[in-house]
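Q: Next comes start-v7.txt, compact mmCIF, C-alpha atoms:
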```
# COMPACT_ATOMS: atom_id res chain seq x y z
CA MET I 123 187.01 317.86 -162.10
CA LEU I 124 185.74 314.32 -161.60
CA ILE I 125 183.40 315.28 -158.77
CA ASN I 126 181.77 317.90 -161.01
CA ASP I 127 181.50 315.43 -163.89
CA GLU I 128 179.88 312.79 -161.65
CA PRO I 129 177.77 314.70 -159.10
CA ASN I 130 175.75 311.63 -158.06
CA VAL I 131 178.78 309.49 -157.21
CA GLU I 132 180.15 309.32 -153.69
CA PHE I 133 183.89 308.94 -154.18
CA THR I 134 186.09 307.14 -151.67
CA LEU I 135 189.84 307.65 -151.37
CA ALA I 136 191.81 304.39 -151.16
CA LEU I 137 195.42 304.51 -149.98
CA GLY I 138 198.08 302.73 -147.99
CA ALA I 139 198.57 303.26 -144.26
CA ASP I 140 201.79 305.31 -144.58
CA THR I 141 200.20 307.60 -147.16
CA PHE I 142 197.07 307.99 -145.01
CA ILE I 143 199.23 309.01 -142.04
CA ASP I 144 201.07 311.56 -144.22
CA LEU I 145 197.77 312.94 -145.56
CA VAL I 146 196.21 313.40 -142.12
CA ASN I 147 199.39 314.96 -140.74
CA GLY I 148 199.42 317.62 -143.47
CA LYS I 149 202.35 316.34 -145.52
CA TRP I 150 200.25 316.58 -148.68
CA ARG I 151 199.67 319.89 -150.35
CA ARG I 152 196.07 320.92 -149.54
CA SER I 153 195.53 317.84 -147.37
CA GLU I 154 192.33 319.12 -145.85
CA ASP I 155 190.88 319.90 -149.30
CA VAL I 156 191.56 316.32 -150.40
CA LEU I 157 189.80 314.95 -147.32
CA LYS I 158 186.82 317.24 -147.83
CA LEU I 159 186.53 316.31 -151.52
CA VAL I 160 185.76 312.73 -150.56
CA ASP I 161 183.73 313.82 -147.51
CA TYR I 162 186.20 311.92 -145.30
CA ARG I 163 185.32 308.59 -147.01
CA ILE I 164 188.60 306.68 -146.96
CA VAL I 165 189.76 303.08 -147.20
CA VAL I 166 193.16 302.52 -145.62
CA PHE I 167 195.12 299.40 -146.61
CA ARG I 168 197.45 297.97 -143.95
CA ARG I 169 199.79 295.13 -144.80
CA LEU I 170 199.74 292.02 -142.65
CA SER I 171 202.92 290.37 -141.42
CA GLU I 172 204.32 287.51 -143.45
CA GLU I 173 202.48 284.30 -142.64
CA GLY I 174 203.86 282.69 -139.51
CA SER I 175 205.68 285.79 -138.24
CA SER I 176 204.57 288.00 -135.40
CA SER I 177 203.85 291.69 -135.78
CA SER I 178 206.97 293.83 -135.73
CA SER I 179 207.34 296.93 -133.62
CA GLU I 180 207.10 298.96 -136.85
CA GLU I 181 203.75 297.39 -137.69
CA ILE I 182 202.47 298.08 -134.19
CA LYS I 183 203.67 301.70 -134.44
CA GLN I 184 201.93 302.04 -137.80
CA GLN I 185 198.71 300.54 -136.44
CA ASP I 186 198.78 302.97 -133.51
CA ALA I 187 199.51 305.88 -135.87
CA VAL I 188 196.55 304.95 -138.10
CA LYS I 189 194.26 304.82 -135.05
CA ALA I 190 195.57 308.20 -133.88
CA CYS I 191 194.98 309.72 -137.32
CA ILE I 192 191.42 308.40 -137.42
CA ALA I 193 190.80 309.96 -134.00
CA LYS I 194 192.36 313.23 -135.20
CA LEU I 195 190.06 313.30 -138.24
CA GLN I 196 186.99 312.58 -136.15
CA LEU I 197 187.78 315.67 -134.09
CA ARG I 198 188.09 317.80 -137.25
CA VAL I 199 184.82 316.75 -138.87
CA ASP I 200 181.94 319.22 -138.74
CA SER I 201 179.65 318.80 -135.75
CA THR I 202 176.78 318.17 -138.18
CA LYS I 203 178.41 314.96 -139.42
CA THR I 204 178.10 311.99 -137.09
CA SER I 205 181.43 310.38 -137.93
CA THR I 206 184.08 309.90 -140.53
CA ALA I 207 183.71 307.01 -142.94
CA ILE I 208 187.15 305.47 -142.63
CA THR I 209 187.65 301.76 -143.14
CA VAL I 210 190.92 300.04 -142.37
CA THR I 211 191.47 296.87 -144.38
CA GLN I 212 194.33 294.49 -143.83
CA ILE I 213 195.91 292.92 -146.90
CA PRO I 214 198.62 290.29 -147.24
CA SER I 215 202.15 291.57 -147.55
CA ALA I 216 203.44 291.37 -151.10
CA THR I 217 207.08 290.36 -151.15
CA LYS I 218 209.35 289.57 -154.06
CA ARG I 219 211.19 286.76 -152.35
CA GLU I 220 213.86 286.60 -155.08
CA ILE I 221 215.03 290.10 -154.19
CA GLY I 222 213.87 290.17 -150.57
CA VAL I 223 211.90 293.37 -150.92
CA SER I 224 208.38 294.27 -149.88
CA VAL I 225 206.38 295.44 -152.86
CA SER I 226 205.02 298.83 -151.90
CA SER I 227 204.98 302.41 -153.08
CA SER I 228 207.31 303.27 -150.19
CA ALA I 229 209.84 300.68 -151.37
CA ALA I 230 209.65 302.07 -154.90
CA ARG I 231 210.08 305.69 -153.75
CA ASN I 232 213.01 304.99 -151.45
CA THR I 233 215.43 303.06 -153.67
CA THR I 234 217.50 303.70 -156.76
CA ASP I 235 218.37 299.99 -157.08
CA GLU I 236 217.17 299.32 -160.61
CA THR I 237 217.20 295.55 -160.08
CA VAL I 238 214.61 296.00 -157.34
CA LEU I 239 212.66 298.61 -159.29
CA ARG I 240 212.47 296.42 -162.42
CA GLU I 241 210.85 293.74 -160.25
CA ILE I 242 208.19 295.96 -158.70
CA LEU I 243 207.50 298.57 -161.42
CA SER I 244 206.67 298.30 -165.09
CA ALA I 245 209.42 299.47 -167.46
CA ASP I 246 207.31 302.49 -168.51
CA VAL I 247 206.80 303.62 -164.92
CA LEU I 248 210.48 303.19 -164.06
CA ASP I 249 211.49 305.22 -167.13
CA TYR I 250 209.00 307.94 -166.19
CA VAL I 251 210.34 308.15 -162.61
CA LYS I 252 213.97 308.29 -163.75
CA GLU I 253 213.38 310.82 -166.56
CA ARG I 254 211.57 313.17 -164.19
CA LYS I 255 214.06 312.60 -161.36
CA MET I 256 211.30 311.62 -158.95
CA TYR I 257 211.61 310.10 -155.49
CA ALA I 258 215.07 308.63 -154.76
CA PHE I 259 216.30 309.80 -158.21
CA SER I 260 215.76 313.45 -157.27
CA ASP I 261 218.72 315.82 -157.44
CA LEU I 262 217.54 317.27 -154.12
CA LEU I 263 218.58 314.19 -152.14
```
The structure given in the file should be rewritten as structure tokens.
A:
Amino acid sequence: MLINDEPNVEFTLALGADTFIDLVNGKWRRSEDVLKLVDYRIVVFRRLSEEGSSSSSEEIKQQDAVKACIAKLQLRVDSTKTSTAITVTQIPSATKREIGVSVSSSAARNTTDETVLREILSADVLDYVKERKMYAFSDLL
């Protein structure tokens, strides 16, 4: 395991806001173990609205959910630790204007539109996802 191979490195988990919310709310297998492995050191990336547009209700909901998850984690942390080390960083929204789609892992997971997927994923990754029937290509949907 990487932590065993690099005992003097303090690893930080970097992930998007939606994924962070899922992790904290237990939607990941062994969520708590993942959080403990990085000693609750996390960088959360939140996308900003397109330039010139106001925040949507979805963005406000997401922002509130991130804050709630941070508060939830702070309650879980051992009493010996003073606080969690969670940083929220806002990044510009990445949009493929030609196809009108936000470039995100959520967008990639939720569509089977190969025109969109070819724009936001490499050919190798798209092939891998399709061959293994992952995400929206799953037979379970």
Q: Would you compute the distance between CA of Val199 in chain I and CA of Ile182 in chain I? Give it in Å to one decimal.
A: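 Here the two named atoms are 26.1 Å from each other.
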Q: If you measure from CA of Thr209 in chain I to CA of Val165 in chain I, what distance in Å do you get, rounded to one decimal?
A: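 The value is 4.8 Å.
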Q: Have a look at CA of Leu137 in chain I and CA of Lys194 in chain I and let me know their distance in Å, one decimal.
A: 17.4 Å
Q: Which of these residues is nearest to Asp186 in chain I, using all atoms listed in the file: I:Ile164, I:Val156, I:Ala139, I:Ala230?
A: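 Answer, going by the shortest atom-to-atom distance: I:Ala139.
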Q: Give the answer as one residue: which of I:Arg163, I:Arg151, I:Lys189, I:Lys158 has the shortest atom-to-atom distance to Leu135 in chain I, using only C-alpha atoms?
A: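 For Leu135 in chain I, the nearest of the given residues is I:Arg163.
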Q: Could you pull the residues within 9 Å of Val146 in chain I, counting only C-alpha atoms, minus those fewer than 2 positions along the same chain, as a list in words?
A: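 Residues meeting the cut-off are Thr141, Phe142, Ile143, Asp144, Gly148, Lys149, Trp150, Ser153, Glu154, Leu157, Cys191, Ile192, Lys194 and Leu195 of chain I.
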Q: Have a look at I:Arg231, I:Ser226, I:Asp140, I:Thr237 and name the one nearest to Met256 in chain I; count all atoms listed in the file.
A: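 Nearest candidate to Met256 in chain I out of I:Arg231, I:Ser226, I:Asp140, I:Thr237: I:Arg231.
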Q: Name the closest residue to Ile125 in chain I among the candidates I:Leu145, I:Leu159, I:Val238, I:Val247; distances are taken between atoms, counting all atoms listed in the file.
A: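 Residue with the minimum atom-to-atom distance to Ile125 in chain I: I:Leu159.
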Q: So which one's closest to Arg198 in chain I, I:Asp161, I:Glu253, I:Phe133, I:Glu181? Using all atoms listed in the file, please.
A: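 Ranking I:Asp161, I:Glu253, I:Phe133, I:Glu181 by distance to Arg198 in chain I, first place goes to I:Asp161.
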Q: My list of candidates is I:Leu197, I:Ala207, I:Lys183, I:Ile213. Which is closest to Gly138 in chain I when distances are computed with all atoms listed in the file?
A: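 Closest residue, counting all atoms listed in the file: I:Ile213.
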Q: Show me, as lines of an AutoDock Vina configuration file, the centre and edge lengths in Å to one decimal of the axis-aligned box that covers every listed atom of range 244-253 of chain I with 4 Å on each side.
A:
```
center_x = 210.3
center_y = 304.6
center_z = -165.6
size_x = 15.3
size_y = 20.5
size_z = 13.9
```
Q: Kindly complete range 130-149 of chain I to N, CA and C atoms; the output should be written as a PDB file, in the coordinates of the input.
A:
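Saved result, rebuild.pdb, follows:
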```pdb
ATOM      1  N   ASN I 130     176.539 312.611-158.817  1.00  0.00           N
ATOM      2  CA  ASN I 130     175.750 311.630-158.060  1.00  0.00           C
ATOM      3  C   ASN I 130     176.577 310.473-157.525  1.00  0.00           C
ATOM      4  N   VAL I 131     177.891 310.550-157.691  1.00  0.00           N
ATOM      5  CA  VAL I 131     178.780 309.490-157.210  1.00  0.00           C
ATOM      6  C   VAL I 131     179.433 309.938-155.914  1.00  0.00           C
ATOM      7  N   GLU I 132     179.441 309.048-154.931  1.00  0.00           N
ATOM      8  CA  GLU I 132     180.150 309.320-153.690  1.00  0.00           C
ATOM      9  C   GLU I 132     181.522 308.659-153.794  1.00  0.00           C
ATOM     10  N   PHE I 133     182.549 309.457-154.005  1.00  0.00           N
ATOM     11  CA  PHE I 133     183.890 308.940-154.180  1.00  0.00           C
ATOM     12  C   PHE I 133     184.520 308.602-152.830  1.00  0.00           C
ATOM     13  N   THR I 134     185.356 307.567-152.852  1.00  0.00           N
ATOM     14  CA  THR I 134     186.090 307.140-151.670  1.00  0.00           C
ATOM     15  C   THR I 134     187.570 307.106-152.029  1.00  0.00           C
ATOM     16  N   LEU I 135     188.396 307.645-151.163  1.00  0.00           N
ATOM     17  CA  LEU I 135     189.840 307.650-151.370  1.00  0.00           C
ATOM     18  C   LEU I 135     190.417 306.364-150.801  1.00  0.00           C
ATOM     19  N   ALA I 136     191.170 305.636-151.603  1.00  0.00           N
ATOM     20  CA  ALA I 136     191.810 304.390-151.160  1.00  0.00           C
ATOM     21  C   ALA I 136     193.320 304.601-151.191  1.00  0.00           C
ATOM     22  N   LEU I 137     193.971 304.324-150.038  1.00  0.00           N
ATOM     23  CA  LEU I 137     195.420 304.510-149.980  1.00  0.00           C
ATOM     24  C   LEU I 137     196.029 303.650-148.888  1.00  0.00           C
ATOM     25  N   GLY I 138     197.348 303.512-148.967  1.00  0.00           N
ATOM     26  CA  GLY I 138     198.080 302.730-147.990  1.00  0.00           C
ATOM     27  C   GLY I 138     198.196 303.460-146.663  1.00  0.00           C
ATOM     28  N   ALA I 139     198.518 302.708-145.618  1.00  0.00           N
ATOM     29  CA  ALA I 139     198.570 303.260-144.260  1.00  0.00           C
ATOM     30  C   ALA I 139     199.576 304.404-144.141  1.00  0.00           C
ATOM     31  N   ASP I 140     200.779 304.242-144.687  1.00  0.00           N
ATOM     32  CA  ASP I 140     201.790 305.310-144.580  1.00  0.00           C
ATOM     33  C   ASP I 140     201.311 306.584-145.267  1.00  0.00           C
ATOM     34  N   THR I 141     200.690 306.440-146.417  1.00  0.00           N
ATOM     35  CA  THR I 141     200.200 307.600-147.160  1.00  0.00           C
ATOM     36  C   THR I 141     199.045 308.267-146.410  1.00  0.00           C
ATOM     37  N   PHE I 142     198.169 307.457-145.819  1.00  0.00           N
ATOM     38  CA  PHE I 142     197.070 307.990-145.010  1.00  0.00           C
ATOM     39  C   PHE I 142     197.624 308.813-143.847  1.00  0.00           C
ATOM     40  N   ILE I 143     198.618 308.300-143.165  1.00  0.00           N
ATOM     41  CA  ILE I 143     199.230 309.010-142.040  1.00  0.00           C
ATOM     42  C   ILE I 143     199.814 310.346-142.518  1.00  0.00           C
ATOM     43  N   ASP I 144     200.511 310.324-143.658  1.00  0.00           N
ATOM     44  CA  ASP I 144     201.070 311.560-144.220  1.00  0.00           C
ATOM     45  C   ASP I 144     199.964 312.556-144.568  1.00  0.00           C
ATOM     46  N   LEU I 145     198.887 312.079-145.169  1.00  0.00           N
ATOM     47  CA  LEU I 145     197.770 312.940-145.560  1.00  0.00           C
ATOM     48  C   LEU I 145     197.161 313.624-144.344  1.00  0.00           C
ATOM     49  N   VAL I 146     196.849 312.852-143.328  1.00  0.00           N
ATOM     50  CA  VAL I 146     196.210 313.400-142.120  1.00  0.00           C
ATOM     51  C   VAL I 146     197.136 314.372-141.397  1.00  0.00           C
ATOM     52  N   ASN I 147     198.423 314.102-141.435  1.00  0.00           N
ATOM     53  CA  ASN I 147     199.390 314.960-140.740  1.00  0.00           C
ATOM     54  C   ASN I 147     199.856 316.149-141.576  1.00  0.00           C
ATOM     55  N   GLY I 148     199.167 316.413-142.695  1.00  0.00           N
ATOM     56  CA  GLY I 148     199.420 317.620-143.470  1.00  0.00           C
ATOM     57  C   GLY I 148     200.641 317.587-144.358  1.00  0.00           C
ATOM     58  N   LYS I 149     201.166 316.418-144.655  1.00  0.00           N
ATOM     59  CA  LYS I 149     202.350 316.340-145.520  1.00  0.00           C
ATOM     60  C   LYS I 149     201.988 316.457-146.996  1.00  0.00           C
TER      61      LYS I 149
END
```
